[in-house]
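**Q** Supplied structure: coords.cif, mmCIF, C-alpha atoms.
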data_run
#
loop_
_atom_site.label_atom_id
_atom_site.label_comp_id
_atom_site.auth_asym_id
_atom_site.auth_seq_id
_atom_site.Cartn_x
_atom_site.Cartn_y
_atom_site.Cartn_z
CA MET D 1 -47.79 -88.59 -49.75
CA THR D 2 -50.19 -85.83 -48.63
CA GLU D 3 -48.50 -82.47 -49.04
CA PRO D 4 -49.41 -79.43 -46.93
CA GLN D 5 -50.86 -76.47 -48.84
CA THR D 6 -48.98 -73.94 -46.70
CA ILE D 7 -45.58 -74.36 -45.11
CA THR D 8 -43.17 -72.13 -43.22
CA ALA D 9 -39.72 -71.50 -44.67
CA ALA D 10 -36.76 -70.24 -42.66
CA ALA D 11 -33.35 -68.90 -43.66
CA LEU D 12 -30.62 -69.42 -41.10
CA GLN D 13 -28.21 -66.52 -41.67
CA PHE D 14 -24.93 -66.46 -39.75
CA THR D 15 -21.20 -65.72 -40.01
CA VAL D 16 -19.50 -68.93 -41.09
CA ASN D 17 -16.35 -69.74 -39.10
CA GLN D 18 -13.86 -70.53 -41.84
CA GLY D 19 -12.30 -73.94 -41.32
CA ASP D 20 -14.05 -74.57 -37.98
CA VAL D 21 -16.57 -77.36 -38.52
CA ASP D 22 -17.26 -77.81 -34.81
CA ALA D 23 -18.14 -74.16 -34.22
CA ASN D 24 -20.41 -74.00 -37.26
CA LEU D 25 -22.16 -77.26 -36.38
CA THR D 26 -22.72 -76.10 -32.80
CA TYR D 27 -24.37 -72.93 -34.09
CA VAL D 28 -26.55 -74.74 -36.61
CA ARG D 29 -27.57 -77.44 -34.14
CA ALA D 30 -28.99 -74.81 -31.78
CA ALA D 31 -30.51 -72.73 -34.59
CA LEU D 32 -32.38 -75.69 -36.08
CA LYS D 33 -33.99 -76.30 -32.70
CA ARG D 34 -35.00 -72.62 -32.50
CA VAL D 35 -36.58 -72.49 -35.95
CA ALA D 36 -38.35 -75.82 -35.47
CA GLU D 37 -39.90 -74.51 -32.27
CA GLN D 38 -41.19 -71.54 -34.28
CA GLY D 39 -42.90 -73.79 -36.80
CA ALA D 40 -40.43 -74.04 -39.67
CA ASN D 41 -40.85 -76.88 -42.17
CA LEU D 42 -38.09 -75.88 -44.64
CA VAL D 43 -34.73 -74.50 -43.52
CA VAL D 44 -32.03 -73.12 -45.82
CA LEU D 45 -28.44 -72.68 -44.60
CA PRO D 46 -25.62 -70.69 -46.25
CA GLU D 47 -23.30 -72.07 -48.93
CA MET D 48 -20.35 -74.06 -47.52
CA TRP D 49 -21.83 -73.49 -44.10
CA SER D 50 -19.78 -76.11 -42.22
CA THR D 51 -16.31 -75.09 -43.43
CA GLY D 52 -16.40 -71.87 -45.40
CA PHE D 53 -14.02 -71.52 -48.31
CA ALA D 54 -10.97 -72.66 -46.35
CA TYR D 55 -9.00 -73.40 -49.50
CA LYS D 56 -5.78 -74.50 -47.76
CA ASN D 57 -7.39 -77.53 -46.12
CA LEU D 58 -10.65 -78.05 -48.00
CA THR D 59 -9.77 -81.62 -48.96
CA GLU D 60 -9.15 -82.53 -45.34
CA LEU D 61 -12.28 -80.73 -44.12
CA ALA D 62 -14.37 -82.50 -46.75
CA GLN D 63 -13.65 -85.79 -45.01
CA ARG D 64 -15.91 -84.67 -42.16
CA THR D 65 -18.94 -83.95 -44.33
CA ASP D 66 -20.44 -87.44 -44.13
CA ALA D 67 -20.50 -87.26 -40.34
CA VAL D 68 -22.00 -83.77 -40.41
CA VAL D 69 -24.69 -84.88 -42.86
CA ALA D 70 -25.49 -87.85 -40.61
CA GLU D 71 -26.09 -85.50 -37.70
CA LEU D 72 -28.23 -83.22 -39.87
CA CYS D 73 -30.32 -86.25 -40.77
CA GLU D 74 -30.87 -86.96 -37.08
CA LEU D 75 -31.87 -83.34 -36.45
CA SER D 76 -34.13 -83.33 -39.51
CA ALA D 77 -35.93 -86.42 -38.26
CA ARG D 78 -36.21 -85.08 -34.72
CA TYR D 79 -37.68 -81.75 -35.82
CA LYS D 80 -39.46 -82.93 -39.00
CA LEU D 81 -37.53 -80.53 -41.23
CA VAL D 82 -36.48 -80.28 -44.85
CA ILE D 83 -32.90 -78.93 -44.70
CA VAL D 84 -30.91 -77.40 -47.57
CA GLY D 85 -27.30 -76.22 -47.32
CA SER D 86 -24.01 -76.92 -49.10
CA GLN D 87 -20.76 -78.45 -47.87
CA PRO D 88 -17.52 -79.72 -49.43
CA GLU D 89 -17.67 -83.26 -50.81
CA PRO D 90 -14.51 -85.14 -51.89
CA ALA D 91 -14.05 -85.52 -55.66
CA ASP D 92 -11.94 -88.17 -57.36
CA ASP D 93 -9.31 -85.77 -58.71
CA GLY D 94 -8.02 -84.16 -55.50
CA ARG D 95 -10.52 -81.33 -55.66
CA VAL D 96 -13.90 -81.16 -53.93
CA PHE D 97 -17.50 -80.62 -55.00
CA ASN D 98 -19.64 -77.87 -53.50
CA THR D 99 -22.58 -80.10 -52.67
CA ILE D 100 -26.09 -79.65 -51.33
CA HIS D 101 -27.43 -82.62 -49.41
CA LEU D 102 -31.20 -82.14 -49.48
CA ILE D 103 -32.47 -83.78 -46.32
CA ASP D 104 -36.13 -84.58 -45.67
CA ASN D 105 -37.27 -85.98 -42.32
CA GLY D 106 -34.05 -87.80 -41.65
CA GLN D 107 -33.13 -88.95 -45.17
CA VAL D 108 -30.88 -87.52 -47.88
CA VAL D 109 -33.36 -87.41 -50.76
CA ALA D 110 -31.10 -85.66 -53.29
CA ARG D 111 -27.60 -84.30 -53.86
CA TYR D 112 -26.70 -81.32 -56.01
CA ARG D 113 -23.17 -80.34 -56.97
CA LYS D 114 -22.72 -76.68 -57.88
CA LEU D 115 -22.68 -76.35 -61.66
CA HIS D 116 -21.26 -72.86 -62.13
CA LEU D 117 -17.94 -72.19 -60.42
CA PHE D 118 -16.94 -68.57 -59.70
CA SER D 119 -13.63 -68.36 -61.53
CA LEU D 120 -13.02 -64.78 -60.37
CA LEU D 121 -12.24 -66.15 -56.90
CA GLY D 122 -10.55 -69.32 -58.13
CA GLU D 123 -13.37 -71.74 -57.35
CA ASP D 124 -12.63 -73.63 -60.55
CA ARG D 125 -9.15 -74.50 -59.27
CA ALA D 126 -10.24 -75.92 -55.92
CA PHE D 127 -13.65 -77.27 -56.87
CA LYS D 128 -14.96 -79.68 -59.46
CA GLY D 129 -18.22 -78.66 -61.13
CA GLY D 130 -21.30 -80.82 -61.08
CA ASP D 131 -22.99 -82.17 -64.20
CA SER D 132 -26.73 -82.25 -63.43
CA TRP D 133 -29.54 -80.10 -62.06
CA CYS D 134 -31.54 -81.17 -59.02
CA LEU D 135 -35.25 -81.27 -58.29
CA ALA D 136 -36.50 -83.45 -55.43
CA GLU D 137 -39.86 -84.77 -54.33
CA THR D 138 -40.13 -83.99 -50.63
CA SER D 139 -42.77 -84.04 -47.91
CA ILE D 140 -43.50 -80.36 -48.66
CA GLY D 141 -43.63 -80.70 -52.46
CA LYS D 142 -41.09 -80.40 -55.27
CA VAL D 143 -37.98 -78.50 -54.18
CA GLY D 144 -35.35 -77.21 -56.61
CA VAL D 145 -31.89 -76.12 -55.51
CA ILE D 146 -29.13 -73.93 -56.89
CA ILE D 147 -26.00 -72.48 -55.24
CA CYS D 148 -24.85 -68.84 -55.16
CA TYR D 149 -23.27 -68.06 -58.58
CA ASP D 150 -25.84 -70.37 -60.23
CA LEU D 151 -28.27 -67.51 -59.65
CA ARG D 152 -26.70 -65.60 -62.55
CA PHE D 153 -27.69 -68.35 -65.00
CA PRO D 154 -31.48 -68.12 -65.48
CA GLU D 155 -31.68 -71.24 -67.66
CA LEU D 156 -31.04 -73.42 -64.63
CA SER D 157 -33.89 -71.99 -62.57
CA ARG D 158 -36.22 -72.10 -65.58
CA ARG D 159 -35.47 -75.79 -66.05
CA LEU D 160 -36.39 -76.43 -62.42
CA ALA D 161 -39.62 -74.48 -62.84
CA LEU D 162 -40.57 -76.35 -66.01
CA GLU D 163 -40.00 -79.64 -64.20
CA GLY D 164 -42.43 -78.62 -61.47
CA ALA D 165 -40.46 -76.86 -58.73
CA ARG D 166 -42.64 -74.98 -56.25
CA VAL D 167 -39.70 -73.38 -54.49
CA ILE D 168 -36.05 -72.83 -55.37
CA CYS D 169 -33.61 -72.76 -52.45
CA VAL D 170 -30.39 -70.75 -52.80
CA PRO D 171 -27.58 -71.24 -50.27
CA ALA D 172 -24.92 -68.58 -50.89
CA GLN D 173 -21.84 -66.71 -49.81
CA TRP D 174 -22.43 -63.53 -51.83
CA PRO D 175 -20.17 -60.65 -50.73
CA LYS D 176 -20.29 -56.88 -50.81
CA PRO D 177 -20.54 -54.72 -52.89
CA ARG D 178 -22.95 -56.69 -55.10
CA GLN D 179 -26.04 -56.41 -52.86
CA GLU D 180 -28.27 -55.05 -55.63
CA HIS D 181 -27.29 -57.86 -58.00
CA TRP D 182 -28.29 -60.35 -55.32
CA ARG D 183 -31.64 -58.74 -54.60
CA THR D 184 -32.50 -58.15 -58.25
CA LEU D 185 -31.57 -61.63 -59.43
CA LEU D 186 -33.46 -63.37 -56.63
CA ARG D 187 -36.61 -61.38 -57.39
CA ALA D 188 -36.19 -61.99 -61.12
CA ARG D 189 -35.94 -65.75 -60.65
CA ALA D 190 -39.15 -65.69 -58.58
CA ILE D 191 -41.06 -63.39 -60.98
CA GLU D 192 -40.10 -65.07 -64.25
CA ASN D 193 -40.77 -68.57 -62.90
CA GLN D 194 -43.78 -67.68 -60.74
CA LEU D 195 -42.55 -69.63 -57.74
CA TYR D 196 -41.10 -69.08 -54.29
CA VAL D 197 -37.41 -68.42 -53.74
CA VAL D 198 -35.80 -69.00 -50.34
CA SER D 199 -32.24 -67.73 -50.14
CA CYS D 200 -29.72 -67.86 -47.33
CA ASN D 201 -26.55 -65.80 -47.52
CA ALA D 202 -23.66 -65.63 -45.08
CA CYS D 203 -23.09 -62.41 -43.15
CA GLY D 204 -20.17 -60.64 -41.52
CA GLN D 205 -16.44 -60.75 -42.20
CA ILE D 206 -15.20 -64.14 -43.41
CA GLY D 207 -11.56 -64.18 -44.36
CA LYS D 208 -10.90 -61.18 -46.61
CA LEU D 209 -14.52 -60.82 -47.72
CA ASP D 210 -17.41 -58.94 -46.14
CA PHE D 211 -20.84 -60.55 -46.56
CA PHE D 212 -24.03 -58.50 -46.43
CA GLY D 213 -26.52 -61.18 -45.50
CA MET D 214 -29.92 -60.12 -46.93
CA SER D 215 -31.24 -63.67 -46.86
CA MET D 216 -34.72 -63.42 -48.33
CA VAL D 217 -37.95 -65.26 -48.92
CA ILE D 218 -39.67 -64.06 -52.10
CA ASP D 219 -43.11 -64.95 -53.40
CA PRO D 220 -44.13 -65.77 -57.00
CA LYS D 221 -45.06 -62.12 -57.64
CA GLY D 222 -41.59 -60.99 -56.62
CA GLU D 223 -42.68 -59.57 -53.28
CA VAL D 224 -40.06 -59.87 -50.54
CA LEU D 225 -41.81 -61.65 -47.67
CA ALA D 226 -38.78 -61.63 -45.38
CA ASP D 227 -35.38 -59.92 -45.45
CA ALA D 228 -32.77 -60.75 -42.82
CA GLY D 229 -30.74 -57.57 -43.13
CA GLU D 230 -27.01 -57.75 -42.38
CA ALA D 231 -26.79 -59.34 -38.92
CA ALA D 232 -26.94 -63.00 -37.93
CA CYS D 233 -30.55 -64.07 -37.45
CA GLU D 234 -33.30 -66.41 -38.61
CA VAL D 235 -36.14 -65.15 -40.81
CA PHE D 236 -39.45 -66.86 -41.59
CA ALA D 237 -42.22 -66.61 -44.15
CA PRO D 238 -45.20 -68.74 -45.26
CA LEU D 239 -45.21 -70.45 -48.66
CA ASP D 240 -48.75 -70.93 -49.96
CA TRP D 241 -48.94 -73.37 -52.89
CA GLN D 242 -52.58 -72.55 -53.69
CA ALA D 243 -51.76 -68.84 -53.90
CA MET D 244 -48.90 -69.69 -56.26
CA GLU D 245 -51.20 -71.66 -58.56
CA ALA D 246 -53.79 -68.89 -58.50
CA TRP D 247 -51.17 -66.36 -59.58
CA ARG D 248 -49.99 -68.63 -62.38
CA ALA D 249 -53.59 -68.94 -63.59
CA GLN D 250 -53.99 -65.15 -63.52
CA ILE D 251 -50.78 -64.48 -65.51
CA PRO D 252 -50.34 -67.66 -67.65
CA CYS D 253 -46.70 -67.18 -68.62
CA PHE D 254 -45.95 -70.89 -68.97
CA GLY D 255 -48.83 -71.46 -71.35
CA ASP D 256 -47.80 -68.47 -73.47
CA ARG D 257 -44.22 -69.62 -73.98
CA ARG D 258 -42.96 -70.30 -77.52
CA PRO D 259 -39.92 -72.47 -76.85
CA GLU D 260 -39.75 -73.63 -80.48
CA LEU D 261 -38.50 -70.12 -81.33
CA TYR D 262 -35.80 -69.78 -78.69
#
Written as structure tokens, how would this file's structure read?
**A**
Amino acid sequence: MTEPQTITAAALQFTVNQGDVDANLTYVRAALKRVAEQGANLVVLPEMWSTGFAYKNLTELAQRTDAVVAELCELSARYKLVIVGSQPEPADDGRVFNTIHLIDNGQVVARYRKLHLFSLLGEDRAFKGGDSWCLAETSIGKVGVIICYDLRFPELSRRLALEGARVICVPAQWPKPRQEHWRTLLRARAIENQLYVVSCNACGQIGKLDFFGMSMVIDPKGEVLADAGEAACEVFAPLDWQAMEAWRAQIPCFGDRRPELY
């Protein structure tokens, strides 16, 4: 597979309609067409973008995920996109997984179930945690994925970087007032791992929570290439793999590691 040296990443930031799969899918269907027409190769959607955290009927809503993923595969093939975003997936104990289906040109090439559940908001009661990290070979190179709260656990992103990730995608529903945590942690993951980070956060009022958006694309030096602000929108930025490798050669952090001591 010949991989492009530069691609265009997009974050598709919007207000998720809690419990309304049809409304969310309608929005995303149109937005994918828009970003494809503007040259996007990689598109990241918010966490739980099709349903939101509709706890009262999550199990029922999760039954629709297969059909939604099938349509995303069709759209991915039509527009030649790599798509990353999480949805509820039925588990075998009455709960659900918070699952990314990583789709590349019409095929699900990997699944990732959120490892770290945010107990403060009761995620551990409604959701079942995953048991493995996820790095996928795609048409644009190696893509690593994490979800929202996973961002606070740097070991996970470091593992993805050590295994060869060029970009880490972060679907999220990260609410106010923790904007600075979000921004700081995203930049830290990019800087310490010398790779690109493409994040997509929800925005607006969803249930009782207010989401600040700030979906960002960050380069391996920690520079913010794109910041969506607080309103619904799509943002774009180029990811240059040769520039990433040049930066890693200039500051050889990986070669200077001493993992036998920590």
**Q** Just say which residues the PyMOL selection byres ((chain D and resi 72-79) around 8) picks in this file, as a ChimeraX atom specification.
**A** /D:29,32-33,36,68-71,80-83,103-108
**Q** Which residues, named as in the file, does the PyMOL selection byres ((chain D and resi 212) around 9) pick out? Answer as a list in words.
**A**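 In the shown coordinates, the PyMOL selection byres ((chain D and resi 212) around 9) covers Trp174, Pro175, Lys176, Pro177, Arg178, Gln179, Asn201, Ala202, Cys203, Gly204, Gln205, Asp210, Phe211, Gly213, Met214, Ser215, Gly229, Glu230 and Ala231 of chain D.
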**Q** What's the 8 Å shell around Cys169 (chain D), counting only C-alpha atoms, without same-chain residues fewer than 5 positions away, as JSON, numbers by chain?
**A** {"D": [44, 84, 143, 144, 145, 146, 197, 198, 199]}
**Q** With C-alpha atoms retained, could you export that selection as a tab-separated table (two decimals), keeping the file's coordinate frame?
**A**
chain	number	residue	atom	x	y	z
D	44	VAL	CA	-32.03	-73.12	-45.82
D	84	VAL	CA	-30.91	-77.40	-47.57
D	143	VAL	CA	-37.98	-78.50	-54.18
D	144	GLY	CA	-35.35	-77.21	-56.61
D	145	VAL	CA	-31.89	-76.12	-55.51
D	146	ILE	CA	-29.13	-73.93	-56.89
D	197	VAL	CA	-37.41	-68.42	-53.74
D	198	VAL	CA	-35.80	-69.00	-50.34
D	199	SER	CA	-32.24	-67.73	-50.14
**Q** As a check of understanding, name the residues that the PyMOL selection byres ((chain D and resi 187) around 9) selects in the supplied structure, as a list in words.
**A**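 What the PyMOL selection byres ((chain D and resi 187) around 9) grabs from the file is Trp182, Arg183, Thr184, Leu185, Leu186, Ala188, Arg189, Ala190, Ile191, Glu192, Val197, Ile218, Asp219, Pro220, Lys221, Gly222, Glu223 and Val224 of chain D.
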**Q** Write the residues of the preceding selection, restricted to C-alpha atoms, as an mmCIF file, in the coordinates of the input.
**A**
data_model
loop_
_atom_site.group_PDB
_atom_site.id
_atom_site.type_symbol
_atom_site.label_atom_id
_atom_site.label_comp_id
_atom_site.auth_asym_id
_atom_site.auth_seq_id
_atom_site.Cartn_x
_atom_site.Cartn_y
_atom_site.Cartn_z
ATOM 1 C CA TRP D 182 -28.290 -60.350 -55.320
ATOM 2 C CA ARG D 183 -31.640 -58.740 -54.600
ATOM 3 C CA THR D 184 -32.500 -58.150 -58.250
ATOM 4 C CA LEU D 185 -31.570 -61.630 -59.430
ATOM 5 C CA LEU D 186 -33.460 -63.370 -56.630
ATOM 6 C CA ALA D 188 -36.190 -61.990 -61.120
ATOM 7 C CA ARG D 189 -35.940 -65.750 -60.650
ATOM 8 C CA ALA D 190 -39.150 -65.690 -58.580
ATOM 9 C CA ILE D 191 -41.060 -63.390 -60.980
ATOM 10 C CA GLU D 192 -40.100 -65.070 -64.250
ATOM 11 C CA VAL D 197 -37.410 -68.420 -53.740
ATOM 12 C CA ILE D 218 -39.670 -64.060 -52.100
ATOM 13 C CA ASP D 219 -43.110 -64.950 -53.400
ATOM 14 C CA PRO D 220 -44.130 -65.770 -57.000
ATOM 15 C CA LYS D 221 -45.060 -62.120 -57.640
ATOM 16 C CA GLY D 222 -41.590 -60.990 -56.620
ATOM 17 C CA GLU D 223 -42.680 -59.570 -53.280
ATOM 18 C CA VAL D 224 -40.060 -59.870 -50.540
#
**Q** Taking the point (-12.2, -73.6, -49.3) as given in the file, collect each protein or nucleic acid residue that comes within 9 Å of it, counting only C-alpha atoms, and present the set as a ChimeraX atom specification.
**A** /D:18-19,48,51-59,61,88,123,126-127
**Q** Between CA of Gln87 (chain D) and CA of Val21 (chain D), what is the distance, to one decimal in Å?
**A** 10.3 Å
**Q** Identify which of the residues D:Gly85, D:Gly94, D:Pro4, D:Gly130 lies closest to His116 (chain D), counting only C-alpha atoms when measuring atom-to-atom distances.
**A**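 Ranked by minimum distance to His116 (chain D), first place goes to D:Gly130.
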**Q** Could you state the separation of CA of Glu47 (chain D) and CA of Gln5 (chain D) in Å, given to one decimal place?
**A** 27.9 Å
**Q** Ranking D:Leu162, D:Leu135, D:Ile206, D:Leu102 by minimum distance to Arg257 (chain D) and counting only C-alpha atoms, which one comes first?
**A**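 Result for the nearest residue to Arg257 (chain D): D:Leu162.
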**Q** In the coordinates of the file, take the point (-30.2, -63.5, -38.6) and a cut-off of 7 Å; then, counting all atoms listed in the file, name each qualifying protein, DNA or RNA residue as a ChimeraX atom specification.
**A** /D:12-14,228,231-235
**Q** Given the choices D:Ala237, D:Leu120, D:Leu225, D:Ala110, which gets closest to Val35 (chain D) if the distance is worked out from all atoms listed in the file?
**A**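 Once distances to Val35 (chain D) are computed over all atoms listed in the file, the minimum belongs to D:Ala237.
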**Q** To one decimal in Å, tell me the separation between CA of Ser50 (chain D) and CA of Val16 (chain D).
**A**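 Calculated distance between CA of Ser50 (chain D) and CA of Val16 (chain D) is 7.3 Å.
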**Q** Nearest to Asp20 (chain D): which of D:Asp93, D:Tyr149, D:Ser132, D:Trp49 is it, counting all atoms listed in the file?
**A**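 Among D:Asp93, D:Tyr149, D:Ser132, D:Trp49, it is D:Trp49 that comes nearest to Asp20 (chain D).
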**Q** Enclose all atoms of region 134-144 of chain D listed in the file in an axis-aligned box, grow every side by 8 Å, and hand back centre and edge lengths in Å to one decimal, as AutoDock Vina command-line options.
**A**
--center_x -37.6 --center_y -81.0 --center_z -53.5 --size_x 28.1 --size_y 23.6 --size_z 27.1
**Q** Identify which of the residues D:Lys142, D:Asp150, D:Ala136, D:Asp124 lies closest to Trp241 (chain D), counting all atoms listed in the file when measuring atom-to-atom distances.
**A**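 For Trp241 (chain D), the nearest of the given residues is D:Lys142.
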**Q** Using all atoms listed in the file, which of D:Phe236, D:Leu115, D:Ala11, D:Glu60 sits nearest Pro171 (chain D)?
**A** D:Ala11
**Q** Do you know which residues are at most 8 Å from Ile7 (chain D) counting only C-alpha atoms, after dropping those on the same chain fewer than 5 positions away, and could you put them as JSON, numbers by chain?
**A** {"D": [40, 41, 42, 140, 238, 239, 240]}
